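Here is the file target_12.txt (compact mmCIF, C-alpha atoms).
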# COMPACT_ATOMS: atom_id res chain seq x y z
CA MET G 1 106.40 96.62 122.61
CA SER G 2 103.95 97.86 120.03
CA LEU G 3 102.91 101.47 119.63
CA GLY G 4 99.41 100.53 120.80
CA ASP G 5 100.71 99.00 124.03
CA GLU G 6 103.05 101.93 124.61
CA LEU G 7 100.27 104.45 124.10
CA ARG G 8 98.03 102.59 126.52
CA TYR G 9 100.79 102.64 129.11
CA LEU G 10 101.43 106.33 128.56
CA ARG G 11 97.73 107.06 128.93
CA ALA G 12 97.60 104.98 132.11
CA PHE G 13 100.64 106.81 133.53
CA HIS G 14 98.96 110.11 132.73
CA GLY G 15 95.85 109.34 134.70
CA GLY G 16 94.06 107.03 132.28
CA GLY G 17 92.07 109.85 130.66
CA ASN G 18 89.25 109.52 128.20
CA LEU G 19 90.44 108.92 124.65
CA GLY G 20 88.09 111.43 123.06
CA GLU G 21 89.12 114.16 125.46
CA ILE G 22 92.81 113.45 124.91
CA GLU G 23 92.35 113.53 121.14
CA GLU G 24 90.61 116.86 121.42
CA GLU G 25 93.34 118.23 123.67
CA ILE G 26 96.08 117.04 121.35
CA GLY G 27 94.21 118.38 118.34
CA ILE G 28 93.99 115.22 116.26
CA GLU G 29 91.12 113.63 114.37
CA PRO G 30 88.62 111.87 116.64
CA GLY G 31 89.26 108.14 116.70
CA THR G 32 92.96 108.41 115.82
CA LEU G 33 94.28 107.50 119.23
CA ARG G 34 91.72 104.76 119.77
CA TYR G 35 92.70 103.28 116.42
CA MET G 36 96.40 103.37 117.27
CA GLU G 37 95.87 101.77 120.67
CA GLN G 38 93.78 98.92 119.37
CA ARG G 39 95.27 97.92 116.05
CA TYR G 40 97.48 94.91 115.59
CA ARG G 41 98.96 96.06 112.32
CA LEU G 42 101.37 98.88 111.60
CA VAL G 43 99.79 102.18 112.64
CA GLY G 44 100.95 105.74 113.22
CA GLU G 45 102.64 106.29 109.88
CA ASP G 46 101.90 110.01 110.09
CA ASP G 47 104.95 111.49 111.84
CA GLU G 48 103.18 114.78 112.38
CA VAL G 49 100.38 113.13 114.37
CA LEU G 50 102.92 111.03 116.24
CA ALA G 51 104.88 114.16 117.17
CA LYS G 52 101.73 115.77 118.60
CA ILE G 53 101.00 112.67 120.70
CA ALA G 54 104.62 112.51 121.86
CA ALA G 55 104.49 116.17 122.91
CA TYR G 56 101.29 115.57 124.86
CA TYR G 57 102.78 112.64 126.78
CA GLY G 58 106.16 114.33 127.15
CA VAL G 59 108.21 111.72 125.31
CA ALA G 60 110.49 111.97 122.29
CA PRO G 61 108.79 111.32 118.93
CA ALA G 62 111.62 108.88 118.14
CA GLU G 63 110.48 106.79 121.07
CA LEU G 64 107.02 106.36 119.58
CA GLN G 65 108.54 105.71 116.15
CA TYR G 66 110.60 102.93 117.73
CA HIS G 67 107.46 101.26 119.06
CA ARG G 68 105.64 101.84 115.78
CA GLU G 69 108.04 99.46 114.04
CA ARG G 70 107.43 96.81 116.67
CA TYR G 71 103.74 96.30 116.04
CA ARG G 72 101.91 93.28 117.46
CA LYS G 73 101.60 91.42 114.18
CA ALA G 74 105.37 91.68 113.70
CA LEU G 75 105.92 90.03 117.08
CA SER G 76 103.38 87.35 116.16
CA ALA G 77 105.26 86.70 112.94
CA TYR G 78 108.54 86.32 114.83
CA LEU G 79 106.97 84.00 117.41
CA HIS G 80 105.34 81.92 114.72
CA GLN G 81 108.52 81.66 112.70
CA SER G 82 110.61 80.72 115.74
CA MET G 83 108.11 78.07 116.74
CA GLU G 84 107.76 76.59 113.25
CA GLN G 85 111.48 76.56 112.55
CA LYS G 86 112.36 75.52 116.11
CA THR G 87 114.97 78.24 116.33
CA THR G 88 116.14 80.02 119.45
CA ALA G 89 114.18 83.19 120.00
CA ARG G 90 115.52 86.20 121.88
CA PHE G 91 113.55 88.94 123.58
CA GLU G 92 114.57 92.07 125.42
CA LEU G 93 112.11 92.78 128.18
CA ARG G 94 111.05 96.06 129.70
CA THR G 95 112.59 94.90 132.95
CA GLY G 96 116.02 95.15 131.30
CA GLU G 97 116.42 91.38 131.10
CA THR G 98 116.91 89.31 127.96
CA VAL G 99 115.23 85.94 127.73
CA THR G 100 115.99 83.27 125.17
CA GLY G 101 114.58 79.88 124.33
CA ARG G 102 112.33 77.98 122.01
CA VAL G 103 108.79 79.18 121.57
CA HIS G 104 106.53 76.41 122.83
CA TRP G 105 103.23 78.22 122.26
CA TRP G 106 102.01 81.75 121.81
CA ASP G 107 98.70 83.51 121.91
CA LEU G 108 97.11 86.90 122.23
CA GLY G 109 98.53 87.76 125.62
CA ALA G 110 101.62 85.70 126.25
CA PHE G 111 104.02 83.08 124.97
CA GLY G 112 105.73 80.07 126.50
CA LEU G 113 109.48 79.93 126.17
CA GLU G 114 111.40 76.71 126.75
CA PRO G 115 114.95 77.32 127.90
CA GLU G 116 117.47 75.35 125.88
CA ASP G 117 119.05 73.90 129.02
CA GLY G 118 115.79 72.11 129.80
CA GLY G 119 114.67 74.40 132.63
CA SER G 120 111.07 75.30 133.37
CA LEU G 121 108.89 76.93 130.77
CA THR G 122 108.86 80.71 131.14
CA VAL G 123 105.57 82.41 130.36
CA VAL G 124 106.39 85.87 129.03
CA GLN G 125 103.68 88.51 128.74
CA ARG G 126 103.71 90.01 125.26
CA HIS G 127 103.40 93.55 126.57
CA ALA G 128 106.66 93.04 128.49
CA VAL G 129 108.64 92.56 125.29
CA LEU G 130 110.52 95.66 124.32
CA ASN G 131 112.47 94.34 121.36
CA TRP G 132 113.29 91.23 119.38
CA PRO G 133 115.50 90.52 116.35
CA MET G 134 113.81 92.12 113.40
CA GLY G 135 114.49 91.62 109.71
CA ASN G 136 118.17 90.97 109.07
CA GLU G 137 119.16 91.44 112.70
CA GLU G 138 118.86 87.69 113.22
CA MET T 1 92.92 106.15 109.55
CA PRO T 2 89.22 105.56 108.87
CA ASP T 3 88.18 105.13 105.27
CA ASP T 4 85.25 106.57 103.41
CA LEU T 5 82.18 104.35 103.23
CA GLN T 6 82.39 103.93 99.46
CA THR T 7 86.07 102.93 99.64
CA LEU T 8 85.29 100.28 102.25
CA ARG T 9 82.28 99.00 100.35
CA LYS T 10 84.26 98.64 97.15
CA ARG T 11 87.11 96.97 99.03
CA LYS T 12 84.59 94.42 100.30
CA ARG T 13 83.32 93.99 96.72
CA MET T 14 79.82 94.82 97.80
CA SER T 15 77.23 96.62 95.70
CA ILE T 16 75.23 99.41 97.21
CA ASN T 17 72.16 97.17 96.98
CA GLN T 18 73.87 94.45 98.96
CA LEU T 19 75.03 96.90 101.58
CA ALA T 20 71.52 98.32 101.84
CA SER T 21 69.98 94.90 102.38
CA LYS T 22 72.67 93.83 104.84
CA SER T 23 72.59 97.00 106.88
CA GLY T 24 68.90 97.78 106.58
CA ILE T 25 69.69 101.33 105.48
CA SER T 26 67.99 102.63 102.35
CA ILE T 27 69.98 103.03 99.14
CA ALA T 28 69.13 106.72 98.98
CA THR T 29 70.56 107.28 102.44
CA LEU T 30 73.66 105.26 101.63
CA ILE T 31 74.25 107.41 98.56
CA GLN T 32 74.02 110.51 100.74
CA TYR T 33 76.57 109.01 103.14
CA GLU T 34 78.93 108.00 100.35
CA LYS T 35 78.74 111.42 98.74
CA GLY T 36 79.56 113.01 102.07
CA ALA T 37 76.33 114.98 101.83
CA GLN T 38 75.23 113.65 105.18
CA GLU T 39 77.18 112.57 108.25
CA ILE T 40 76.60 108.98 109.30
CA PRO T 41 74.83 108.92 112.68
CA HIS T 42 76.23 106.59 115.30
CA ALA T 43 73.36 104.10 115.03
CA ASP T 44 73.91 103.68 111.31
CA LEU T 45 77.67 103.57 111.77
CA SER T 46 77.40 100.44 113.87
CA ARG T 47 74.95 98.84 111.42
CA LEU T 48 77.32 99.56 108.57
CA ALA T 49 80.31 98.27 110.52
CA ARG T 50 78.49 94.99 111.14
CA ALA T 51 77.44 94.72 107.50
CA LEU T 52 80.97 95.40 106.27
CA TYR T 53 82.70 93.28 108.95
CA VAL T 54 84.83 96.21 110.08
CA ASP T 55 85.14 98.20 113.26
CA GLU T 56 83.10 101.35 113.65
CA TRP T 57 86.21 103.48 113.72
CA ASP T 58 87.25 102.08 110.35
CA ILE T 59 84.46 104.11 108.78
CA ASN T 60 84.84 107.81 108.28
CA PRO T 61 81.53 109.26 109.54
CA ARG T 62 81.72 112.08 107.00
CA SER T 63 82.92 110.86 103.60
CA THR T 64 85.07 113.15 101.53
CA PRO T 65 82.80 114.63 98.87
CA PRO T 66 83.84 113.65 95.35
CA PRO T 67 85.56 116.39 93.35
CA PRO T 68 83.30 118.22 90.89
CA PRO T 69 83.45 116.66 87.44
CA ALA T 70 86.14 118.27 85.34
CA ARG T 71 84.85 120.27 82.39
CA LYS T 72 85.42 118.45 79.20
CA GLU T 73 87.78 120.36 77.05
CA ARG T 74 86.55 120.71 73.60
CA LEU T 75 89.19 119.30 71.45
CA ALA T 76 89.32 120.12 67.80
CA LYS T 77 88.04 116.95 66.31
CA PRO T 78 89.43 115.95 62.97
CA SER T 79 86.82 116.42 60.32
CA PRO T 80 84.93 113.18 59.74
CA PRO T 81 85.62 111.39 56.51
CA PRO T 82 83.17 112.15 53.73
CA ARG T 83 80.00 110.17 53.97
CA PRO T 84 79.87 107.28 51.60
CA LYS T 85 77.23 107.26 48.97
CA GLU T 86 74.09 105.31 49.60
CA LYS T 87 75.31 102.21 47.80
CA GLU T 88 78.62 102.19 49.60
CA LYS T 89 76.82 102.76 52.87
CA GLU T 90 75.16 99.40 52.71
CA LYS T 91 77.19 97.30 55.03
CA PRO T 92 77.08 93.59 55.18
CA LYS T 93 75.09 92.38 58.13
CA LYS T 94 77.26 91.82 61.13
CA LYS T 95 77.61 88.25 62.09
CA LYS T 96 77.45 87.51 65.73
CA ILE T 97 80.89 86.45 66.82
CA PRO T 98 80.80 84.11 69.75
CA PRO T 99 82.57 85.70 72.73
CA THR T 100 86.08 84.41 73.14
CA SER T 101 87.15 83.37 76.59
CA PRO T 102 90.11 85.31 77.96
CA PRO T 103 93.28 83.45 78.91
CA ALA T 104 93.14 81.47 82.13
CA ARG T 105 94.09 83.25 85.30
CA GLU T 106 97.35 82.33 87.00
CA THR T 107 95.38 81.28 90.05
CA GLN T 108 93.27 78.92 87.93
CA ILE T 109 96.41 77.30 86.51
CA ALA T 110 97.94 77.01 89.98
CA HIS T 111 94.74 75.45 91.30
CA LEU T 112 94.63 73.06 88.36
CA LEU T 113 98.21 71.97 88.95
CA ASN T 114 97.44 71.40 92.62
CA LEU T 115 94.41 69.31 91.79
CA ALA T 116 96.33 67.31 89.21
CA ALA T 117 99.14 66.73 91.69
CA HIS T 118 96.58 65.06 93.93
CA PHE T 119 96.29 62.37 91.24
CA ASP T 120 100.08 62.29 90.74
CA ILE T 121 99.72 64.02 87.39
CA ASP T 122 102.55 66.42 86.64
CA ARG T 123 102.38 69.41 84.33
CA ALA T 124 103.57 67.55 81.23
CA ALA T 125 101.06 64.73 81.74
CA LEU T 126 98.32 67.25 82.39
CA GLU T 127 99.08 69.15 79.19
CA GLU T 128 99.00 65.87 77.31
CA GLN T 129 95.62 65.03 78.79
CA ILE T 130 94.21 68.45 78.00
CA GLY T 131 95.76 68.45 74.56
CA LYS T 132 97.42 71.84 74.77
CA SER T 133 99.91 73.83 76.79
CA LEU T 134 98.60 75.29 80.05
CA ASP T 135 99.76 78.70 78.83
CA GLU T 136 97.24 78.49 75.99
CA LEU T 137 94.36 77.49 78.22
CA THR T 138 91.37 79.83 78.27
CA ARG T 139 89.52 80.80 81.39
CA LYS T 140 86.55 78.70 80.41
CA GLU T 141 88.69 75.63 79.71
CA ALA T 142 90.54 76.08 82.98
CA ARG T 143 87.19 76.21 84.78
CA HIS T 144 86.14 73.03 83.02
CA TRP T 145 89.31 71.14 83.96
CA ASN T 146 89.29 72.37 87.52
CA GLY T 147 85.71 71.15 87.80
CA HIS T 148 86.70 67.83 86.26
CA PHE T 149 89.40 67.18 88.83
CA MET T 150 87.31 68.41 91.71
CA ARG T 151 84.52 66.02 90.74
CA ARG T 152 87.04 63.21 90.56
CA MET T 153 88.30 64.10 93.99
CA ALA T 154 84.79 64.14 95.39
CA GLU T 155 84.08 60.74 93.88
CA GLU T 156 87.25 59.14 95.18
CA LYS T 157 88.04 58.56 98.77
CA PRO T 158 90.98 60.55 100.01
CA ARG T 159 94.05 58.73 98.75
CA ARG T 160 96.27 59.68 101.62
CA PRO T 161 95.33 60.44 105.18
CA ILE T 162 94.94 64.15 105.70
CA ASP T 163 97.59 65.45 108.01
CA ARG T 164 95.43 67.94 109.85
CA LYS T 165 97.21 70.43 111.96
CA ARG T 166 95.48 72.41 114.61
CA ALA T 167 94.26 75.67 113.15
CA TYR T 168 96.94 78.12 114.09
CA LEU T 169 95.24 81.44 114.46
CA PRO T 170 95.77 82.30 118.08
CA GLU T 171 95.60 86.06 117.57
CA GLY T 172 92.02 86.13 118.68
CA VAL T 173 92.37 84.00 121.79
CA ASP T 174 94.58 83.64 124.79
CA GLY T 175 93.78 80.00 125.27
CA PHE T 176 97.32 78.69 125.55
CA GLU T 177 98.20 80.72 128.59
CA LEU T 178 94.89 79.97 130.27
CA ALA T 179 95.38 76.25 129.59
CA TYR T 180 98.87 76.46 131.11
CA LEU T 181 97.52 78.22 134.19
CA GLN T 182 94.76 75.64 134.50
CA GLU T 183 97.36 72.88 134.44
CA GLN T 184 99.48 74.61 137.09
CA GLN T 185 96.44 75.25 139.26
CA GLU T 186 95.40 71.60 139.13
CA ALA T 187 98.95 70.48 139.92
CA ALA T 188 99.19 73.11 142.69
CA ALA T 189 102.61 73.96 141.26
CA PRO T 190 104.24 76.98 142.86
CA LEU T 191 104.99 79.71 140.32
CA HIS T 192 107.47 82.53 140.54
CA PHE T 193 106.24 85.86 139.15
CA THR T 194 108.39 88.83 138.13
CA LEU T 195 106.64 92.16 137.73
CA PHE T 196 107.62 95.15 135.61
CA ASP T 197 108.95 97.04 138.60
CA GLY T 198 111.22 94.14 139.60
CA GLN T 199 109.00 92.86 142.45
CA THR T 200 108.72 89.12 142.67
CA PHE T 201 105.95 86.94 144.06
CA GLU T 202 105.66 83.24 144.60
CA GLY T 203 102.65 81.08 145.14
CA THR T 204 100.19 78.57 143.78
CA VAL T 205 97.46 79.62 141.41
CA VAL T 206 94.04 79.70 143.02
CA GLY T 207 92.22 81.48 140.20
CA PHE T 208 92.75 83.43 137.03
CA SER T 209 91.01 85.44 134.35
CA PRO T 210 92.28 87.02 131.14
CA TYR T 211 93.30 90.05 133.23
CA GLN T 212 94.32 88.74 136.63
CA ILE T 213 96.00 85.82 138.36
CA ILE T 214 95.25 85.10 141.99
CA ILE T 215 97.95 83.26 143.89
CA ARG T 216 98.27 81.89 147.40
CA GLU T 217 101.64 82.61 148.94
CA PRO T 218 103.38 79.97 151.09
CA GLY T 219 102.24 81.91 154.17
CA GLY T 220 98.60 81.52 153.12
CA ASP T 221 98.01 85.08 151.90
CA GLU T 222 96.15 85.46 148.64
CA ILE T 223 97.35 88.09 146.20
CA THR T 224 95.74 89.26 142.99
CA LEU T 225 98.30 90.05 140.31
CA ASN T 226 97.21 92.25 137.46
CA LYS T 227 98.49 90.66 134.28
CA LEU T 228 99.46 94.04 132.89
CA ALA T 229 101.94 94.35 135.75
CA ILE T 230 103.50 90.93 135.13
CA ALA T 231 106.58 90.64 132.92
CA TYR T 232 106.96 86.87 133.11
CA TYR T 233 106.52 83.84 135.37
CA ARG T 234 107.78 80.31 135.60
CA LYS T 235 107.66 77.31 137.86
CA ARG T 236 109.65 77.67 141.04
CA GLY T 237 113.05 76.09 140.76
CA GLY T 238 113.35 76.96 137.07
CA ASP T 239 116.42 78.61 135.63
CA GLU T 240 116.58 82.04 137.20
Have the structure of the file written as structure tokens, please.
Amino acid sequence: MSLGDELRYLRAFHGGGNLGEIEEEIGIEPGTLRYMEQRYRLVGEDDEVLAKIAAYYGVAPAELQYHRERYRKALSAYLHQSMEQKTTARFELRTGETVTGRVHWWDLGAFGLEPEDGGSLTVVQRHAVLNWPMGNEE
Amino acid sequence: MPDDLQTLRKRKRMSINQLASKSGISIATLIQYEKGAQEIPHADLSRLARALYVDEWDINPRSTPPPPPARKERLAKPSPPPRPKEKEKEKPKKKKIPPTSPPARETQIAHLLNLAAHFDIDRAALEEQIGKSLDELTRKEARHWNGHFMRRMAEEKPRRPIDRKRAYLPEGVDGFELAYLQEQQEAAAPLHFTLFDGQTFEGTVVGFSPYQIIIREPGGDEITLNKLAIAYYRKRGGDE
């Protein structure tokens, strides 16, 4: 799950407050949080800012750093590569389950995973993906 | 983090004149914004964002003012050579040297090779046709040869059928999932949904939007599932 998705969840769990007000309360530049929540590319490189946000939401900074590395474009790249190369893709979901299969299609919100045993297509919501093989993990 | 207006403008290779005409904001005002002398009001921020094809939050409303120009240190200049006498001073009139074209860009060479490949001409044959090595080609010559091959291509019919693939830029759309749901709705196929909290639901799709899926359970009840709460779903009877 990307940092943007995680931050949106955290905001929702904390009452879904107004971004501007939260930024003011945290003491960060206006627009920072909005930018982080909406971007598809790597965001949140400033550890100091990330630590302030983590403190506000009551989570460990390392947790946000973990999500920072799993930005949406990186997931897109993995999905695209798996689909093009017809390789088996593996995803750890927030539910604690791991799903595997061949990526049949993917888009902004979800992706279709074909199990290798020929079962039904599973439509996985992108925001449910916690982790996937990154870099040389594959 | 948002960037200063000038940084963004330069990144977009836009002159201040172009930005002024695209945004409808005067050059003088733009200069004030770029210098950080004036904060960009919200109305202008959105006009600039549209003109630069960026989001509003990509633009720093108050640009960082440029640092004051550093004072030039007076360096002890070496004393100029003694002035030549009047006769020596007479210099021959400079002849205008025609400007020489710089060496061709790598991208031009790559493009040229691609174009030549279309006519089954490899590098060696191309160099023979041009009469020199591609490494010695000037920018002007490269432009000429690229134009030559492009004209040839335009004149000829495509030699091989173009293997068009569907444009694969789904980042801006969620069409695949909606198409899948449409298919399942038309087939009245029962789907099995698993939510983040472990709850499961089963039913046929009766409607959907980018944010919600409405299903009818076997008992006839209709339930609206918020897509943010869904982890995954599949057809009933799939591998579970």
field: Interatomic distance (Å, one decimal) between CA of Leu115 (chain T) and CA of Met153 (chain T)
entry: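 Taking CA of Leu115 (chain T) and CA of Met153 (chain T), their separation equals 8.3 Å.
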- Message: Please check the contacts: residues of chain T at most 12 Å away from chain G, using all atoms listed in the file, listed as an NGL selection string.
- Response: :T and (1-3 or 55-62 or 168-181 or 184 or 189-200 or 209-212 or 226-240)
Expressed in Å, the length from CA of Tyr56 (chain G) to CA of Glu92 (chain G) is 27.0 Å
Subject >> Pairwise distance for CA of His148 (chain T) and CA of Ala124 (chain T), rounded to one decimal in Å >> reply: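 Taking CA of His148 (chain T) as the start and CA of Ala124 (chain T) as the end point, the length is 17.6 Å.
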Margin query: So, with all atoms listed in the file as the atoms that count, which of T:Gln108, T:Gly203, T:Lys140, T:Phe119 lies closest to Ile215 (chain T)?
Written below: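 Distance minimum relative to Ile215 (chain T) lands on T:Gly203.
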*asked:* From (101.6, 95.5, 119.2), in the file's coordinates, out to 8 Å: which residues are reached, counting only C-alpha atoms? Answer as a list in words.
replied: Met1, Ser2, Leu3, Gly4, Asp5, Arg39, Tyr40, Arg41, Arg70, Tyr71, Arg72, Lys73, Ala74, Leu75 and His127 of chain G
Taking 2 positions as the minimum chain separation for residues in the same chain, which residues sit within 10 Å of Ala51 (chain G) when counting all atoms listed in the file? Answer as a PDB file with C-alpha atoms, keeping the file's coordinate frame.
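File result.pdb, as written:
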ATOM      1  CA  ASP G  46     101.900 110.010 110.090  1.00  0.00           C
ATOM      2  CA  ASP G  47     104.950 111.490 111.840  1.00  0.00           C
ATOM      3  CA  GLU G  48     103.180 114.780 112.380  1.00  0.00           C
ATOM      4  CA  VAL G  49     100.380 113.130 114.370  1.00  0.00           C
ATOM      5  CA  ILE G  53     101.000 112.670 120.700  1.00  0.00           C
ATOM      6  CA  ALA G  54     104.620 112.510 121.860  1.00  0.00           C
ATOM      7  CA  ALA G  55     104.490 116.170 122.910  1.00  0.00           C
ATOM      8  CA  TYR G  56     101.290 115.570 124.860  1.00  0.00           C
ATOM      9  CA  TYR G  57     102.780 112.640 126.780  1.00  0.00           C
ATOM     10  CA  VAL G  59     108.210 111.720 125.310  1.00  0.00           C
ATOM     11  CA  ALA G  60     110.490 111.970 122.290  1.00  0.00           C
ATOM     12  CA  PRO G  61     108.790 111.320 118.930  1.00  0.00           C
ATOM     13  CA  ALA G  62     111.620 108.880 118.140  1.00  0.00           C
ATOM     14  CA  LEU G  64     107.020 106.360 119.580  1.00  0.00           C
ATOM     15  CA  GLN G  65     108.540 105.710 116.150  1.00  0.00           C
TER      16      GLN G  65
END
For region 27-42 of chain G, which lacks atoms in the input, supply N, CA and C atoms and format the output as a PDB file, keeping the file's coordinate frame.
ATOM      1  N   GLY G  27      94.550 117.747 119.605  1.00  0.00           N
ATOM      2  CA  GLY G  27      94.210 118.380 118.340  1.00  0.00           C
ATOM      3  C   GLY G  27      94.374 117.443 117.161  1.00  0.00           C
ATOM      4  N   ILE G  28      93.952 116.196 117.358  1.00  0.00           N
ATOM      5  CA  ILE G  28      93.990 115.220 116.260  1.00  0.00           C
ATOM      6  C   ILE G  28      92.583 114.726 115.970  1.00  0.00           C
ATOM      7  N   GLU G  29      92.429 114.125 114.809  1.00  0.00           N
ATOM      8  CA  GLU G  29      91.120 113.630 114.370  1.00  0.00           C
ATOM      9  C   GLU G  29      90.519 112.686 115.413  1.00  0.00           C
ATOM     10  N   PRO G  30      89.233 112.819 115.699  1.00  0.00           N
ATOM     11  CA  PRO G  30      88.620 111.870 116.640  1.00  0.00           C
ATOM     12  C   PRO G  30      88.791 110.426 116.148  1.00  0.00           C
ATOM     13  N   GLY G  31      89.114 109.564 117.041  1.00  0.00           N
ATOM     14  CA  GLY G  31      89.260 108.140 116.700  1.00  0.00           C
ATOM     15  C   GLY G  31      90.690 107.736 116.407  1.00  0.00           C
ATOM     16  N   THR G  32      91.573 108.727 116.207  1.00  0.00           N
ATOM     17  CA  THR G  32      92.960 108.410 115.820  1.00  0.00           C
ATOM     18  C   THR G  32      93.676 107.620 116.913  1.00  0.00           C
ATOM     19  N   LEU G  33      93.548 108.120 118.126  1.00  0.00           N
ATOM     20  CA  LEU G  33      94.280 107.500 119.230  1.00  0.00           C
ATOM     21  C   LEU G  33      93.698 106.113 119.554  1.00  0.00           C
ATOM     22  N   ARG G  34      92.384 106.044 119.519  1.00  0.00           N
ATOM     23  CA  ARG G  34      91.720 104.760 119.770  1.00  0.00           C
ATOM     24  C   ARG G  34      92.204 103.727 118.753  1.00  0.00           C
ATOM     25  N   TYR G  35      92.252 104.148 117.505  1.00  0.00           N
ATOM     26  CA  TYR G  35      92.700 103.280 116.420  1.00  0.00           C
ATOM     27  C   TYR G  35      94.131 102.796 116.669  1.00  0.00           C
ATOM     28  N   MET G  36      94.984 103.726 117.044  1.00  0.00           N
ATOM     29  CA  MET G  36      96.400 103.370 117.270  1.00  0.00           C
ATOM     30  C   MET G  36      96.548 102.411 118.438  1.00  0.00           C
ATOM     31  N   GLU G  37      95.747 102.621 119.478  1.00  0.00           N
ATOM     32  CA  GLU G  37      95.870 101.770 120.670  1.00  0.00           C
ATOM     33  C   GLU G  37      95.374 100.350 120.422  1.00  0.00           C
ATOM     34  N   GLN G  38      94.422 100.225 119.496  1.00  0.00           N
ATOM     35  CA  GLN G  38      93.780  98.920 119.370  1.00  0.00           C
ATOM     36  C   GLN G  38      94.267  98.063 118.218  1.00  0.00           C
ATOM     37  N   ARG G  39      94.916  98.685 117.246  1.00  0.00           N
ATOM     38  CA  ARG G  39      95.270  97.920 116.050  1.00  0.00           C
ATOM     39  C   ARG G  39      96.438  96.971 116.272  1.00  0.00           C
ATOM     40  N   TYR G  40      96.399  95.878 115.513  1.00  0.00           N
ATOM     41  CA  TYR G  40      97.480  94.910 115.590  1.00  0.00           C
ATOM     42  C   TYR G  40      98.502  95.125 114.484  1.00  0.00           C
ATOM     43  N   ARG G  41      98.062  95.843 113.459  1.00  0.00           N
ATOM     44  CA  ARG G  41      98.960  96.060 112.320  1.00  0.00           C
ATOM     45  C   ARG G  41      99.722  97.362 112.512  1.00  0.00           C
ATOM     46  N   LEU G  42     100.578  97.658 111.541  1.00  0.00           N
ATOM     47  CA  LEU G  42     101.370  98.880 111.600  1.00  0.00           C
ATOM     48  C   LEU G  42     100.443 100.089 111.587  1.00  0.00           C
TER      49      LEU G  42
END
